[in-house]
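S.K.: I'd like to ask some things about the structure below.
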Amino acid sequence: MLKYYNFDIVFQEIPDEVTLAVNITGCPCHCPGCHSPHLWEDIGEPPEEAALRAMLPTYSGEVTCICLMGGDADTQAVERLCTFIRKDLGLHSAWWSGRADLPEGLDLARFDYVKTGPYIESLGGLKNPKTNQRLYRVAEGALEDITYRFWK
């Protein structure tokens, strides 16, 4: 079962989107140098549909995307929530996975954006052109690499 620790409005995780980032706990990746090791713990509340809906009024309709930051321990729940985000809330859905590869059988139609890749301190995050991480826009079932949008 997914649980979330906190959430906040962010402007840098997904280009051209005002994003509500929901930090999912129970991360199985345990990347060395992780900026949020507290998210490795099994703490927080389930980010069920009612909880996601309740987060939105704080931002007065300005949010265009909800990004689940983690969730690698239960990808089926991630898919279900992203379907809800797209169909019921009418927002773009994004998922930040710490895995190098997406799980086999993942239904890309449920996502607008997917980020892959563990954090490797020597390679840096998405802002570093040498990063191993990638952010993809999902278009017609295909992944379009838009990582370059983070490089200046």
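Chains: A, B, ... in order of the structure tokens. Residues: from 1 per chain. Ligands: from 1, in order shown.
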List as number ranges by chain the protein and nucleic acid residues near Arg137 in chain A, meaning an atom at most 10 Å away when only C-alpha atoms are counted, but skip any in the same chain fewer than 4 places from it.
M.R.: A: 14-15, 94, 111-115, 141-147
S.K.: Please provide the set of residues having any atom within 10 Å of Thr131 in chain A, restricted to only C-alpha atoms, with same-chain residues fewer than 3 positions apart removed, written as a PyMOL selection string.
M.R.: chain A and resi 117-128+134+147
S.K.: Mind checking which residues fall within 8 Å of Pro47 in chain A, counting only C-alpha atoms, ignoring those fewer than 2 positions away in the same chain, and posting them as a PyMOL selection string?
M.R.: chain A and resi 2-4+45+49-52
S.K.: What would the file look like if the residues just selected were written as a tab-separated table (two decimals), in the first residue's frame with N, CA and C atoms?
M.R.:
chain	number	residue	atom	x	y	z
A	2	LEU	N	0.58	2.17	-0.89
A	2	LEU	CA	1.30	3.44	-0.92
A	2	LEU	C	0.90	4.30	0.26
A	3	LYS	N	1.88	5.08	0.72
A	3	LYS	CA	1.63	6.09	1.74
A	3	LYS	C	2.39	7.34	1.33
A	4	TYR	N	1.83	8.51	1.70
A	4	TYR	CA	2.54	9.74	1.40
A	4	TYR	C	2.93	10.43	2.70
A	45	GLU	N	0.30	8.58	5.34
A	45	GLU	CA	-1.11	8.24	5.09
A	45	GLU	C	-1.29	7.76	3.66
A	49	GLU	N	-7.86	8.44	-3.42
A	49	GLU	CA	-8.50	9.45	-4.25
A	49	GLU	C	-9.01	10.63	-3.44
A	50	ALA	N	-9.66	10.39	-2.30
A	50	ALA	CA	-10.19	11.48	-1.48
A	50	ALA	C	-9.07	12.36	-0.94
A	51	ALA	N	-7.95	11.77	-0.57
A	51	ALA	CA	-6.82	12.55	-0.06
A	51	ALA	C	-6.25	13.44	-1.17
A	52	LEU	N	-6.10	12.89	-2.38
A	52	LEU	CA	-5.60	13.70	-3.48
A	52	LEU	C	-6.55	14.85	-3.80
S.K.: Give the helix (DSSP H, G or I) residues of chain A, as assigned by DSSP on the backbone, as number ranges by chain.
M.R.: A: 37-40, 49-59, 75-87, 108-110, 147-150
S.K.: At what distance in Å, to one decimal, does CA of Leu135 in chain A lie from CA of Phe84 in chain A?
M.R.: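 Straight-line distance from CA of Phe84 in chain A to CA of Leu135 in chain A works out to 21.4 Å.
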S.K.: So which bits of range 1-149 of chain A end up strand (DSSP E) when you DSSP the backbone, as a PyMOL selection string?
M.R.: chain A and resi 4-10+19-24+65-69+92-96+113-116+134-139+142-145
